[in-house]
file entry-v4.cif (mmCIF, C-alpha atoms)
data_entry
#
loop_
_atom_site.label_atom_id
_atom_site.label_comp_id
_atom_site.auth_asym_id
_atom_site.auth_seq_id
_atom_site.Cartn_x
_atom_site.Cartn_y
_atom_site.Cartn_z
CA MET A 1 120.87 94.23 91.08
CA PRO A 2 121.28 91.55 88.40
CA LYS A 3 118.03 90.18 86.96
CA ALA A 4 116.09 93.16 88.31
CA ILE A 5 112.76 94.23 86.88
CA ILE A 6 111.95 97.92 87.29
CA VAL A 7 108.37 98.86 86.42
CA VAL A 8 107.61 102.49 85.62
CA ALA A 9 103.84 102.95 85.38
CA GLY A 10 102.92 106.38 84.15
CA ALA A 11 99.91 108.34 83.06
CA THR A 12 100.03 109.63 79.50
CA ASN A 13 102.67 112.34 79.13
CA SER A 14 103.87 111.97 82.73
CA GLY A 15 107.55 111.50 81.91
CA LYS A 16 108.18 107.79 81.39
CA THR A 17 110.38 108.35 78.34
CA ALA A 18 112.19 111.23 80.06
CA PHE A 19 112.81 108.91 83.01
CA PHE A 20 114.29 106.25 80.74
CA LEU A 21 116.47 108.68 78.78
CA ASN A 22 117.71 110.31 82.00
CA PHE A 23 118.53 106.84 83.34
CA ILE A 24 120.61 106.15 80.23
CA LYS A 25 122.38 109.51 80.25
CA MET A 26 123.20 109.26 83.97
CA ASN A 27 124.55 105.71 83.57
CA MET A 28 126.27 106.03 80.19
CA ASP A 29 129.71 105.47 81.72
CA LYS A 30 128.63 102.43 83.76
CA PHE A 31 127.35 100.08 81.06
CA GLU A 32 128.49 98.96 77.61
CA GLU A 33 125.10 99.16 75.90
CA PHE A 34 121.49 100.09 76.42
CA HIS A 35 118.85 98.22 74.42
CA TYR A 36 115.84 100.51 73.99
CA PHE A 37 112.68 98.90 72.65
CA ASN A 38 110.52 101.75 71.38
CA SER A 39 106.84 101.22 70.61
CA GLU A 40 105.44 104.71 70.36
CA THR A 41 107.56 107.10 68.30
CA SER A 42 109.13 107.24 64.87
CA ALA A 43 112.91 107.30 64.48
CA GLN A 44 112.68 111.02 63.63
CA ALA A 45 110.63 111.85 66.74
CA PHE A 46 112.98 109.81 68.93
CA ARG A 47 116.01 111.61 67.45
CA LYS A 48 114.34 114.96 68.18
CA ARG A 49 113.88 113.82 71.77
CA LEU A 50 117.56 112.95 72.08
CA ASP A 51 118.56 116.33 70.59
CA LYS A 52 116.86 118.09 73.53
CA TYR A 53 119.64 116.84 75.81
CA GLY A 54 122.22 118.99 74.01
CA GLU A 55 124.60 116.12 73.32
CA PRO A 56 125.86 115.27 69.85
CA ILE A 57 124.13 112.23 68.39
CA SER A 58 127.47 110.40 68.58
CA PHE A 59 127.16 110.53 72.40
CA TRP A 60 124.05 108.36 72.17
CA GLU A 61 124.97 106.22 69.16
CA LYS A 62 128.01 104.59 70.72
CA LYS A 63 125.97 102.85 73.43
CA LEU A 64 122.24 103.26 72.76
CA LYS A 65 120.67 100.66 70.49
CA VAL A 66 117.09 101.63 69.59
CA VAL A 67 114.75 99.02 68.12
CA ASP A 68 111.13 99.53 67.10
CA ARG A 69 109.18 96.89 68.97
CA ALA A 70 105.58 96.65 70.20
CA SER A 71 105.25 93.04 71.40
CA ASN A 72 107.04 89.78 72.22
CA TYR A 73 109.79 91.50 74.19
CA SER A 74 111.02 88.29 75.77
CA ASP A 75 112.16 87.24 72.27
CA VAL A 76 114.66 90.12 72.06
CA ILE A 77 115.75 90.73 75.66
CA LYS A 78 119.53 90.83 76.09
CA PRO A 79 120.11 88.49 79.08
CA ASN A 80 123.16 90.39 80.33
CA GLY A 81 122.27 93.85 79.10
CA ILE A 82 120.30 96.90 80.12
CA ASN A 83 116.87 96.52 78.48
CA ILE A 84 114.38 99.37 78.34
CA ILE A 85 110.85 98.72 77.13
CA ASP A 86 109.04 101.95 76.30
CA TYR A 87 106.31 100.78 76.69
CA LEU A 88 104.67 97.38 77.26
CA GLU A 89 101.44 97.64 75.30
CA LEU A 90 98.56 95.56 76.63
CA ASP A 91 95.37 94.39 74.99
CA PRO A 92 92.63 96.14 77.00
CA GLU A 93 90.74 92.84 77.19
CA LYS A 94 93.78 90.94 78.50
CA THR A 95 95.56 93.27 80.93
CA PHE A 96 95.67 90.38 83.41
CA LYS A 97 98.35 88.82 81.16
CA VAL A 98 100.83 91.53 82.17
CA SER A 99 102.33 89.30 84.87
CA GLU A 100 102.95 86.59 82.26
CA TYR A 101 104.71 89.06 79.92
CA ILE A 102 106.87 90.43 82.74
CA ARG A 103 107.65 86.91 83.99
CA ASP A 104 108.77 85.92 80.46
CA ILE A 105 111.09 88.94 80.38
CA PHE A 106 112.40 88.11 83.88
CA ASN A 107 113.08 84.50 82.85
CA LYS A 108 115.21 85.70 79.91
CA LEU A 109 117.47 87.80 82.16
CA ASP A 110 120.75 86.51 83.55
CA GLN A 111 122.90 89.39 84.86
CA GLY A 112 120.95 92.03 82.95
CA ILE A 113 118.01 94.18 84.00
CA ALA A 114 114.79 95.37 82.40
CA LEU A 115 113.09 98.71 82.87
CA ILE A 116 109.49 98.35 81.72
CA GLY A 117 107.16 101.24 81.01
CA ILE A 118 103.43 100.65 81.44
CA GLN A 119 100.56 103.05 80.88
CA LYS A 120 98.28 103.85 83.79
CA ALA A 121 95.27 105.99 84.57
CA THR A 122 95.95 109.39 86.12
CA ASN A 123 96.25 109.15 89.93
CA ALA A 124 96.14 105.33 89.90
CA SER A 125 98.87 103.60 91.92
CA PHE A 126 99.39 100.75 89.45
CA GLY A 127 99.74 100.40 85.71
CA ARG A 128 97.35 98.57 83.46
CA GLY A 129 97.14 95.08 84.85
CA GLY A 130 96.98 96.34 88.43
CA GLU A 131 99.01 94.68 91.15
CA PHE A 132 99.98 91.90 88.73
CA THR A 133 102.60 94.38 87.43
CA LEU A 134 104.42 94.13 90.77
CA GLU A 135 104.93 90.38 91.03
CA LYS A 136 108.50 90.28 89.64
CA ALA A 137 109.42 93.93 90.19
CA GLN A 138 112.34 94.84 92.43
CA LEU A 139 111.28 98.47 92.07
CA ALA A 140 107.95 99.89 90.91
CA ILE A 141 107.34 103.59 90.35
CA SER A 142 104.01 105.25 89.65
CA MET A 143 104.27 108.54 87.74
CA ASP A 144 101.78 111.31 87.29
CA TYR A 145 102.48 114.72 85.86
CA ASP A 146 105.08 116.30 88.21
CA LYS A 147 104.89 113.55 90.87
CA ALA A 148 106.32 110.06 91.32
CA LYS A 149 105.56 107.47 93.98
CA ILE A 150 107.47 104.31 94.82
CA VAL A 151 104.90 101.55 95.19
CA LYS A 152 107.45 98.75 95.68
CA CYS A 153 111.11 98.77 96.67
CA LYS A 154 112.69 95.43 97.55
CA SER A 155 116.30 96.65 97.88
CA PRO A 156 116.34 100.18 99.32
CA LYS A 157 119.60 102.08 99.47
CA GLY A 158 120.33 103.31 102.97
CA ASN A 159 117.92 103.29 105.90
CA PHE A 160 115.01 105.24 104.38
CA ASN A 161 111.93 103.11 103.69
CA TYR A 162 110.98 104.19 100.17
CA HIS A 163 107.72 102.20 100.08
CA ASN A 164 104.95 104.73 99.30
CA ALA A 165 107.40 107.64 99.31
CA VAL A 166 106.68 110.45 96.85
CA ILE A 167 108.75 113.10 95.12
CA ASP A 168 107.72 116.19 93.15
CA PHE A 169 109.56 116.97 89.92
CA SER A 170 109.35 118.92 86.70
CA ILE A 171 110.60 118.20 83.20
CA PRO A 172 111.50 121.56 81.66
CA GLY A 173 111.86 121.29 77.90
CA GLY A 174 110.67 117.69 78.02
CA CYS A 175 114.02 116.12 78.85
CA TYR A 176 115.85 116.63 82.16
CA ILE A 177 113.98 115.63 85.28
CA VAL A 178 114.41 118.29 87.96
CA GLU A 179 113.66 117.40 91.57
CA LYS A 180 111.34 119.91 93.29
CA SER A 181 111.17 118.14 96.65
CA GLY A 182 113.03 115.34 98.36
CA TRP A 183 111.46 111.97 99.03
CA LYS A 184 108.65 112.28 101.56
CA ARG A 185 105.57 110.53 102.86
CA GLU A 186 102.17 111.59 101.51
#
call {"tool": "encode", "arguments": {"input": "entry-v4.cif", "output": "structure tokens"}}
result
Amino acid sequence: MPKAIIVVAGATNSGKTAFFLNFIKMNMDKFEEFHYFNSETSAQAFRKRLDKYGEPISFWEKKLKVVDRASNYSDVIKPNGINIIDYLELDPEKTFKVSEYIRDIFNKLDQGIALIGIQKATNASFGRGGEFTLEKAQLAISMDYDKAKIVKCKSPKGNFNYHNAVIDFSIPGGCYIVEKSGWKRE
């Protein structure tokens, strides 16, 4: 939906970046550009990550715009674009400000969307900043190694209630996400 915030809270090495890159690859033909704000890897490491998908770099370059960015995301959000923030770094002493940062991003959107990665503790339901991360989210996903849980879903597709539904997955080779189970209740 336009102006949607999608929060992906994940434990370290749980697959947040793989989720974002799979999202881009699966939607490459649906959108003109993807604006990827990268805060944790060098250009060389990011390129290596893209190479794992087996596509020529030209596949990515025509639509994927990668920018190194670690703060002030609302200053660079494309109001009508697909914005991916990997990841929203928070001062450990001020995690409560996460709702303010997400609200600022939301306020910059017009027809565009923002996917926002947030770190979380293993087996925690919410990212750093707790339930404040959910205030503007249309969809919020909590990821642990090989498992994802939907903690908020305002616009479900179909009749299934995805709230608190879980799915098991693997990420062979560190790129493609492979479903191991369908969505189910814990």
call {"tool": "residues_around", "arguments": {"input": "entry-v4.cif", "residues": "Thr12 (chain A)", "least_positions_apart": "5", "cutoff": "12 Å", "atoms": "all atoms listed in the file", "output": "list in words"}}
result
Thr17, Glu40, Tyr87, Gly117, Ile118, Gln119, Lys120, Ala121, Thr122, Asn123, Ala124, Gly127, Ser142, Met143, Asp144 and Tyr145 of chain A
call {"tool": "closest_residue", "arguments": {"input": "entry-v4.cif", "among": "A:Gln44, A:Asn38, A:Ser99, A:Ser71", "to": "Asn83 (chain A)", "atoms": "all atoms listed in the file"}}
result
A:Asn38
call {"tool": "resolve_selection", "arguments": {"input": "entry-v4.cif", "expression": "the PyMOL selection byres ((chain A and resi 133) around 12)", "output": "VMD selection string"}}
result
chain A and resid 5 to 9 88 90 95 to 103 116 to 120 125 to 132 134 to 142 151 to 152
call {"tool": "atom_distance", "arguments": {"input": "entry-v4.cif", "atom1": "CA of Ile24 (chain A)", "atom2": "CA of Glu55 (chain A)"}}
result
12.8 Å
call {"tool": "closest_residue", "arguments": {"input": "entry-v4.cif", "among": "A:Ile171, A:Leu109, A:Ala4, A:Leu21", "to": "Val66 (chain A)", "atoms": "only C-alpha atoms"}}
result
A:Leu21
call {"tool": "atom_distance", "arguments": {"input": "entry-v4.cif", "atom1": "CA of Glu61 (chain A)", "atom2": "CA of Phe34 (chain A)"}}
result
10.1 Å
call {"tool": "atom_distance", "arguments": {"input": "entry-v4.cif", "atom1": "CA of Lys3 (chain A)", "atom2": "CA of His35 (chain A)"}}
result
14.9 Å
call {"tool": "residues_around", "arguments": {"input": "entry-v4.cif", "residues": "Phe37 (chain A)", "least_positions_apart": "5", "cutoff": "8 Å", "atoms": "only C-alpha atoms", "output": "MDAnalysis selection string"}}
result
chainID A and resid 66:70 83:87
call {"tool": "closest_residue", "arguments": {"input": "entry-v4.cif", "among": "A:Ser155, A:Ser170, A:Ser42, A:Asn161", "to": "Ser14 (chain A)", "atoms": "all atoms listed in the file"}}
result
A:Ser170
call {"tool": "resolve_selection", "arguments": {"input": "entry-v4.cif", "expression": "the PyMOL selection byres ((chain A and resi 112) around 7)", "output": "ChimeraX atom specification"}}
result
/A:2-3,79-82,109-111,113
call {"tool": "closest_residue", "arguments": {"input": "entry-v4.cif", "among": "A:Lys25, A:Lys147, A:Lys78, A:Arg49", "to": "Lys108 (chain A)", "atoms": "all atoms listed in the file"}}
result
A:Lys78
call {"tool": "closest_residue", "arguments": {"input": "entry-v4.cif", "among": "A:Ile77, A:Ala165, A:Ile105, A:Leu64", "to": "Phe20 (chain A)", "atoms": "all atoms listed in the file"}}
result
A:Leu64
call {"tool": "residues_around", "arguments": {"input": "entry-v4.cif", "residues": "Asp51 (chain A)", "least_positions_apart": "3", "cutoff": "12 Å", "atoms": "all atoms listed in the file", "output": "PyMOL selection string"}}
result
chain A and resi 21+44-48+54-60+173-176
call {"tool": "write_last_selection", "arguments": {"input": "entry-v4.cif", "atoms": "C-alpha atoms", "output": "mmCIF file, keeping the file's coordinate frame"}}
result
data_model
loop_
_atom_site.group_PDB
_atom_site.id
_atom_site.type_symbol
_atom_site.label_atom_id
_atom_site.label_comp_id
_atom_site.auth_asym_id
_atom_site.auth_seq_id
_atom_site.Cartn_x
_atom_site.Cartn_y
_atom_site.Cartn_z
ATOM 1 C CA LEU A 21 116.470 108.680 78.780
ATOM 2 C CA GLN A 44 112.680 111.020 63.630
ATOM 3 C CA ALA A 45 110.630 111.850 66.740
ATOM 4 C CA PHE A 46 112.980 109.810 68.930
ATOM 5 C CA ARG A 47 116.010 111.610 67.450
ATOM 6 C CA LYS A 48 114.340 114.960 68.180
ATOM 7 C CA GLY A 54 122.220 118.990 74.010
ATOM 8 C CA GLU A 55 124.600 116.120 73.320
ATOM 9 C CA PRO A 56 125.860 115.270 69.850
ATOM 10 C CA ILE A 57 124.130 112.230 68.390
ATOM 11 C CA SER A 58 127.470 110.400 68.580
ATOM 12 C CA PHE A 59 127.160 110.530 72.400
ATOM 13 C CA TRP A 60 124.050 108.360 72.170
ATOM 14 C CA GLY A 173 111.860 121.290 77.900
ATOM 15 C CA GLY A 174 110.670 117.690 78.020
ATOM 16 C CA CYS A 175 114.020 116.120 78.850
ATOM 17 C CA TYR A 176 115.850 116.630 82.160
#
call {"tool": "resolve_selection", "arguments": {"input": "entry-v4.cif", "expression": "the PyMOL selection byres ((chain A and resi 169) around 6)", "output": "list in words"}}
result
Asp146, Lys147, Asp168, Ser170, Val178, Glu179 and Lys180 of chain A
call {"tool": "residues_near_point", "arguments": {"input": "entry-v4.cif", "point": "(100.2, 106.7, 101.8)", "cutoff": "8 Å", "atoms": "all atoms listed in the file", "output": "MDAnalysis selection string"}}
result
chainID A and resid 164:165 185:186
call {"tool": "build_atoms", "arguments": {"input": "entry-v4.cif", "residues": "region 99-132 of chain A", "atoms": "N, CA and C atoms", "output": "compact mmCIF listing (two decimals), in the frame of the given file"}}
result
# COMPACT_ATOMS: atom_id res chain seq x y z
N SER A 99 101.39 90.05 84.03
CA SER A 99 102.33 89.30 84.87
C SER A 99 103.03 88.21 84.07
N GLU A 100 102.34 87.61 83.13
CA GLU A 100 102.95 86.59 82.26
C GLU A 100 104.03 87.22 81.38
N TYR A 101 103.73 88.39 80.79
CA TYR A 101 104.71 89.06 79.92
C TYR A 101 105.95 89.47 80.72
N ILE A 102 105.74 90.01 81.91
CA ILE A 102 106.87 90.43 82.74
C ILE A 102 107.66 89.22 83.22
N ARG A 103 106.97 88.14 83.58
CA ARG A 103 107.65 86.91 83.99
C ARG A 103 108.50 86.37 82.85
N ASP A 104 108.00 86.40 81.62
CA ASP A 104 108.77 85.92 80.46
C ASP A 104 110.04 86.76 80.27
N ILE A 105 109.93 88.06 80.47
CA ILE A 105 111.09 88.94 80.38
C ILE A 105 112.08 88.60 81.50
N PHE A 106 111.57 88.47 82.72
CA PHE A 106 112.40 88.11 83.88
C PHE A 106 113.16 86.80 83.62
N ASN A 107 112.47 85.81 83.10
CA ASN A 107 113.08 84.50 82.85
C ASN A 107 114.19 84.56 81.81
N LYS A 108 114.17 85.55 80.92
CA LYS A 108 115.21 85.70 79.91
C LYS A 108 116.46 86.38 80.46
N LEU A 109 116.33 87.07 81.59
CA LEU A 109 117.47 87.80 82.16
C LEU A 109 118.43 86.86 82.87
N ASP A 110 119.72 87.20 82.79
CA ASP A 110 120.75 86.51 83.55
C ASP A 110 121.35 87.54 84.52
N GLN A 111 122.32 88.31 84.05
CA GLN A 111 122.90 89.39 84.86
C GLN A 111 122.32 90.75 84.47
N GLY A 112 121.51 90.79 83.43
CA GLY A 112 120.95 92.03 82.95
C GLY A 112 119.73 92.48 83.74
N ILE A 113 119.21 93.65 83.37
CA ILE A 113 118.01 94.18 84.00
C ILE A 113 117.04 94.65 82.91
N ALA A 114 115.80 94.84 83.31
CA ALA A 114 114.79 95.37 82.40
C ALA A 114 114.00 96.47 83.10
N LEU A 115 113.96 97.62 82.45
CA LEU A 115 113.09 98.71 82.87
C LEU A 115 111.89 98.66 81.94
N ILE A 116 110.69 98.57 82.51
CA ILE A 116 109.49 98.35 81.72
C ILE A 116 108.50 99.47 81.97
N GLY A 117 108.17 100.20 80.93
CA GLY A 117 107.16 101.24 81.01
C GLY A 117 105.78 100.65 80.77
N ILE A 118 104.83 101.09 81.57
CA ILE A 118 103.43 100.65 81.44
C ILE A 118 102.55 101.88 81.58
N GLN A 119 101.52 101.96 80.76
CA GLN A 119 100.56 103.05 80.88
C GLN A 119 99.69 102.83 82.11
N LYS A 120 99.21 103.94 82.67
CA LYS A 120 98.28 103.85 83.79
C LYS A 120 97.31 105.00 83.72
N ALA A 121 96.23 104.89 84.47
CA ALA A 121 95.27 105.99 84.57
C ALA A 121 95.85 107.06 85.51
N THR A 122 95.51 108.30 85.26
CA THR A 122 95.95 109.39 86.12
C THR A 122 95.52 109.12 87.56
N ASN A 123 96.44 109.32 88.49
CA ASN A 123 96.25 109.15 89.93
C ASN A 123 96.06 107.71 90.39
N ALA A 124 96.18 106.74 89.50
CA ALA A 124 96.14 105.33 89.90
C ALA A 124 97.52 104.95 90.44
N SER A 125 97.58 104.03 91.36
CA SER A 125 98.87 103.60 91.92
C SER A 125 99.58 102.60 91.03
N PHE A 126 98.80 101.82 90.25
CA PHE A 126 99.39 100.75 89.45
C PHE A 126 99.11 100.96 87.98
N GLY A 127 99.95 100.36 87.15
CA GLY A 127 99.74 100.40 85.71
C GLY A 127 98.63 99.47 85.29
N ARG A 128 98.36 99.49 84.00
CA ARG A 128 97.35 98.57 83.46
C ARG A 128 97.76 97.15 83.82
N GLY A 129 96.83 96.41 84.34
CA GLY A 129 97.14 95.08 84.85
C GLY A 129 97.19 95.06 86.36
N GLY A 130 97.06 96.25 86.98
CA GLY A 130 96.98 96.34 88.43
C GLY A 130 98.19 95.80 89.16
N GLU A 131 97.93 95.19 90.30
CA GLU A 131 99.01 94.68 91.15
C GLU A 131 99.78 93.53 90.51
N PHE A 132 99.23 92.94 89.44
CA PHE A 132 99.98 91.90 88.73
C PHE A 132 101.30 92.45 88.18
